[in-house]
Amino acid sequence: MSKVRVRFAPSPTGGLHLGGVRTVLFNYLFAKKHGGDFIVRIEDTDQTRFVAGAEEYIFECLKWCGIEPDESPLHGGSYGPYRQSERKESYRQYAEQLVKDGFAYYAFDTPGELEKMRNDLKTAENPSVQYDIRTRMQMKNSLTLPAVEVKKLLDENTRHVVRIKMPEDETISFTDMIHHEVSFNSSLVDDKVLLKADGMPTYHLAVVVDDYLMQITHAFRGEEWLSSAPVHVLLWKYLFGLDKMPKWAHLPLILGPSGKLSKRDGAKYGFPVFAMNWTDPKTNELTEGFKEKGFLPEAFINLLAVLGWNDGTEQEIFSMDELIERFSIERVHKAGAKFDFEKAKWFNQEWIKKLPVTNYQPGVKEIFEAKSVTISDDEYFTKVLNLVKERCVLLPDFYDQSIFFFKTPVAYDEAAVKPKWDAGKLNFFTEMVTRYNNLTEWEIEAIEAEFKALTTEKNIKPGELQMILRVMLVGTKMGPGVFVIAEAIGKEESLNRIQKALIIFSTF
RNA sequence: GCCGCGUUGGUCAAGGGGUUAAGACGCCUCCCUUUCACGGAGGAAUCACGGGUUCGAAUCCCGUACGUGGUACCA
């Protein structure tokens, strides 16, 4: 048996959205689970929609996600070229072959003539008229024109396309790994263009030819392709034989809060839809990515994997290795799933807690530096990050949750302190400063013990005092344990902060 | 319109003839902590509708509704 070969075939026309990443992921998981190869092939047959930089962008996203292709335009491989535009010539011969065998025909209709036909035949019951078995005999093609006329047009290099000739009233069925038996009536499928006037193949011809040439064994794609699957099945039958056709799986769609997930939804509801930042070179419009929003790649992969799939147990947190081990295409859902940003954030929080901080420390450091906070001591940075990691959902949260470890507070939560402040407290903290000054061992237990001892002496409830101390050190009522903070920022800085706050608080 | 695919709490979902119909996110209450989280204990909330088949249907069948995709010389 030949090795499992699975391909992801993006068309570089913009950012890589959630559905796209999940399609790659499932392809990748399946390939790796079965010890096969994961191939990335670029579908750039539509030059008008091709966007400069998009191909490189796709590979950057894959890299960030931890998906390394075995074969691709970037990684090489023995089934190249991996860009459809680079194999343009070979598609024509397959199209010609189909015409010769009577499975396809030349069509000379101009775009204007096509539009006219669709307009003329349009009715309320049939708003979108197809070029199909019912209409093709009224059009200008090698089925209706005399052979000599066809030859003449061809010899004169008249612009033309090649269309598949859908058979009459045949049931085309195939087995989908997710949907099981799916069938269509061939009379209801239109005569799709196979080869465009510019000589480029359409997706329909290209996938089939490429999958054959690259010996693809499994093909997983979005459900939006299900409707055109009968064309592909027929092409396989005509060209290479159904026995060589890859096994199909049509993945359910990822939906937005209202219907299909779109770039608009992201803007409207405030969540990313692309893996990484994408700037459209035509409009210069920037769409924020999950990476830049502060997601960990592990979380991103995880949340996508369980959107439409689960392993049947209660486990929800999976690493890439676990996913490869547990994944099974049969357990992928049939129905589309709505993307829930709240749950997405939860996955990120879980991964922030789960992973050692050193994994994402460089990224967090960048966030600090972007806010003009220089981190000179990486070891201290690690310590602080560990102290606050479980209260961070997205990476930028680390800044808000830990900035006080690096900067002396400039403002205080006066509303919290004022009602509790009195002469007794002033007296307490003044004496506390002296005591702390004399404390030789600046470590958590000692700092706390010293504090508690004085509260007992002064007969003040320690709770209120701790809250005030916190505001003195942090500025607000947040963060890890007060004494933990005091220990971390050091004796000198702690005393500084207490004294600085004391000046302000004593005016209350 | 036609064709395809789908439908278990607000969301993700387990379950595929007999269950008190799991679990997670979110929401609410309480505990922990006189901070914010984490953690812990509870709570509200579901089988789209109508017909069958069956002793018995969330599970099987048929309709309807709704959603979604396609209906391009786009992928």
# chains A, B, ... in the order shown; residues from 1 in each chain; ligands from 1

call {"tool": "closest_atom_pairs", "arguments": {"of": "chain A", "to": "chain B", "cutoff": "6 Å", "atoms": "only C-alpha atoms (C1' of nucleotides)", "output": "Markdown table"}}
result
| residue | atom | partner | partner_atom | distance |
| --- | --- | --- | --- | --- |
| A:Glu125 | CA | B:G1 | C1' | 4.1 |
| A:Asn126 | CA | B:G1 | C1' | 4.8 |
| A:Lys196 | CA | B:C73 | C1' | 4.8 |
| A:Glu224 | CA | B:G69 | C1' | 5.0 |
| A:Ser227 | CA | B:G70 | C1' | 5.4 |
| A:Glu314 | CA | B:G23 | C1' | 5.8 |
| A:Ala335 | CA | B:G6 | C1' | 5.2 |
| A:Lys343 | CA | B:C25 | C1' | 4.8 |
| A:Glu390 | CA | B:C38 | C1' | 6.0 |
| A:Arg391 | CA | B:A37 | C1' | 4.6 |
| A:Gly463 | CA | B:U34 | C1' | 5.1 |
| A:Lys477 | CA | B:U35 | C1' | 4.1 |
| A:Met478 | CA | B:C36 | C1' | 4.4 |
| A:Gly479 | CA | B:C36 | C1' | 5.8 |

call {"tool": "select_by_dssp", "arguments": {"residues": "region 281-350 of chain A", "states": "helix (DSSP H, G or I)", "output": "ChimeraX atom specification"}}
result
/A:290-293,297-305,320-326,329-331,341-350

call {"tool": "write_last_selection", "arguments": {"atoms": "C-alpha atoms", "output": "mmCIF file, in the first residue's frame"}}
result
data_model
loop_
_atom_site.group_PDB
_atom_site.id
_atom_site.type_symbol
_atom_site.label_atom_id
_atom_site.label_comp_id
_atom_site.auth_asym_id
_atom_site.auth_seq_id
_atom_site.Cartn_x
_atom_site.Cartn_y
_atom_site.Cartn_z
ATOM 1 C CA PHE A 290 -4.903 35.674 16.749
ATOM 2 C CA LYS A 291 -1.149 35.835 17.229
ATOM 3 C CA GLU A 292 -1.105 39.586 17.624
ATOM 4 C CA LYS A 293 -4.196 39.551 19.798
ATOM 5 C CA PRO A 297 -0.208 28.914 19.021
ATOM 6 C CA GLU A 298 -0.875 25.901 21.236
ATOM 7 C CA ALA A 299 -4.205 27.410 22.288
ATOM 8 C CA PHE A 300 -5.123 28.451 18.783
ATOM 9 C CA ILE A 301 -4.526 24.961 17.427
ATOM 10 C CA ASN A 302 -6.347 23.431 20.376
ATOM 11 C CA LEU A 303 -9.468 25.531 20.095
ATOM 12 C CA LEU A 304 -9.708 24.957 16.370
ATOM 13 C CA ALA A 305 -9.255 21.215 16.713
ATOM 14 C CA MET A 320 -0.369 18.894 18.950
ATOM 15 C CA ASP A 321 1.152 15.500 19.748
ATOM 16 C CA GLU A 322 -1.962 14.401 21.577
ATOM 17 C CA LEU A 323 -4.113 15.611 18.701
ATOM 18 C CA ILE A 324 -2.078 13.601 16.225
ATOM 19 C CA GLU A 325 -2.499 10.560 18.401
ATOM 20 C CA ARG A 326 -6.237 10.949 19.069
ATOM 21 C CA ILE A 329 -11.726 11.987 10.766
ATOM 22 C CA GLU A 330 -14.777 9.833 11.464
ATOM 23 C CA ARG A 331 -15.419 11.761 14.653
ATOM 24 C CA PHE A 341 -14.620 33.958 21.339
ATOM 25 C CA GLU A 342 -15.244 33.569 25.076
ATOM 26 C CA LYS A 343 -14.369 29.908 24.920
ATOM 27 C CA ALA A 344 -11.410 30.685 22.687
ATOM 28 C CA LYS A 345 -10.046 32.933 25.403
ATOM 29 C CA TRP A 346 -10.530 30.194 27.954
ATOM 30 C CA PHE A 347 -8.338 27.871 25.905
ATOM 31 C CA ASN A 348 -5.646 30.519 25.837
ATOM 32 C CA GLN A 349 -5.854 30.985 29.584
ATOM 33 C CA GLU A 350 -5.516 27.257 30.107
#

call {"tool": "select_by_dssp", "arguments": {"residues": "region 118-300 of chain A", "states": "strand (DSSP E or B)", "output": "PyMOL selection string"}}
result
chain A and resi 141+161-164+171-176+180-185+193-195+201+218-222+247-251+254-255+260+274+278-279+286-287+289

call {"tool": "residues_around", "arguments": {"residues": "region 246-251 of chain A", "least_positions_apart": "6", "cutoff": "9 Å", "atoms": "only C-alpha atoms (C1' of nucleotides)", "output": "ChimeraX atom specification"}}
result
/A:22-23,26,174-180,211-212,215-226,308,329,332-336

call {"tool": "residues_around", "arguments": {"residues": "C60 (chain B)", "least_positions_apart": "2", "cutoff": "9 Å", "atoms": "only C-alpha atoms (C1' of nucleotides)", "output": "PyMOL selection string"}}
result
chain B and resi 17+53+57

call {"tool": "write_last_selection", "arguments": {"atoms": "N, CA and C atoms (P, O5', C5', C4', C3', O3' and C1' of nucleotides)", "output": "PDB file, in the first residue's frame"}}
result
ATOM      1  P     G B  17     -28.845   2.437  18.398  1.00  0.00           P
ATOM      2  O5'   G B  17     -30.112   2.951  19.194  1.00  0.00           O
ATOM      3  C5'   G B  17     -30.995   2.031  19.776  1.00  0.00           C
ATOM      4  C4'   G B  17     -31.847   2.905  20.614  1.00  0.00           C
ATOM      5  C3'   G B  17     -32.183   2.308  21.951  1.00  0.00           C
ATOM      6  O3'   G B  17     -32.402   3.322  22.890  1.00  0.00           O
ATOM      7  C1'   G B  17     -34.129   2.528  20.644  1.00  0.00           C
ATOM      8  P     U B  53     -47.825   3.595  13.054  1.00  0.00           P
ATOM      9  O5'   U B  53     -46.447   2.796  13.075  1.00  0.00           O
ATOM     10  C5'   U B  53     -45.891   2.311  11.857  1.00  0.00           C
ATOM     11  C4'   U B  53     -44.496   1.800  12.103  1.00  0.00           C
ATOM     12  C3'   U B  53     -44.317   1.056  13.408  1.00  0.00           C
ATOM     13  O3'   U B  53     -44.755  -0.295  13.304  1.00  0.00           O
ATOM     14  C1'   U B  53     -42.543   2.608  13.121  1.00  0.00           C
ATOM     15  P     A B  57     -41.869   6.330  22.228  1.00  0.00           P
ATOM     16  O5'   A B  57     -40.778   7.360  22.785  1.00  0.00           O
ATOM     17  C5'   A B  57     -39.504   6.929  23.211  1.00  0.00           C
ATOM     18  C4'   A B  57     -38.430   7.644  22.407  1.00  0.00           C
ATOM     19  C3'   A B  57     -38.902   8.902  21.708  1.00  0.00           C
ATOM     20  O3'   A B  57     -37.929   9.918  21.805  1.00  0.00           O
ATOM     21  C1'   A B  57     -37.966   7.395  20.145  1.00  0.00           C
TER      22        A B  57
END

call {"tool": "closest_residue", "arguments": {"among": "B:C28, B:U8, B:U20, B:G63", "to": "G51 (chain B)", "atoms": "only C-alpha atoms (C1' of nucleotides)"}}
result
B:G63
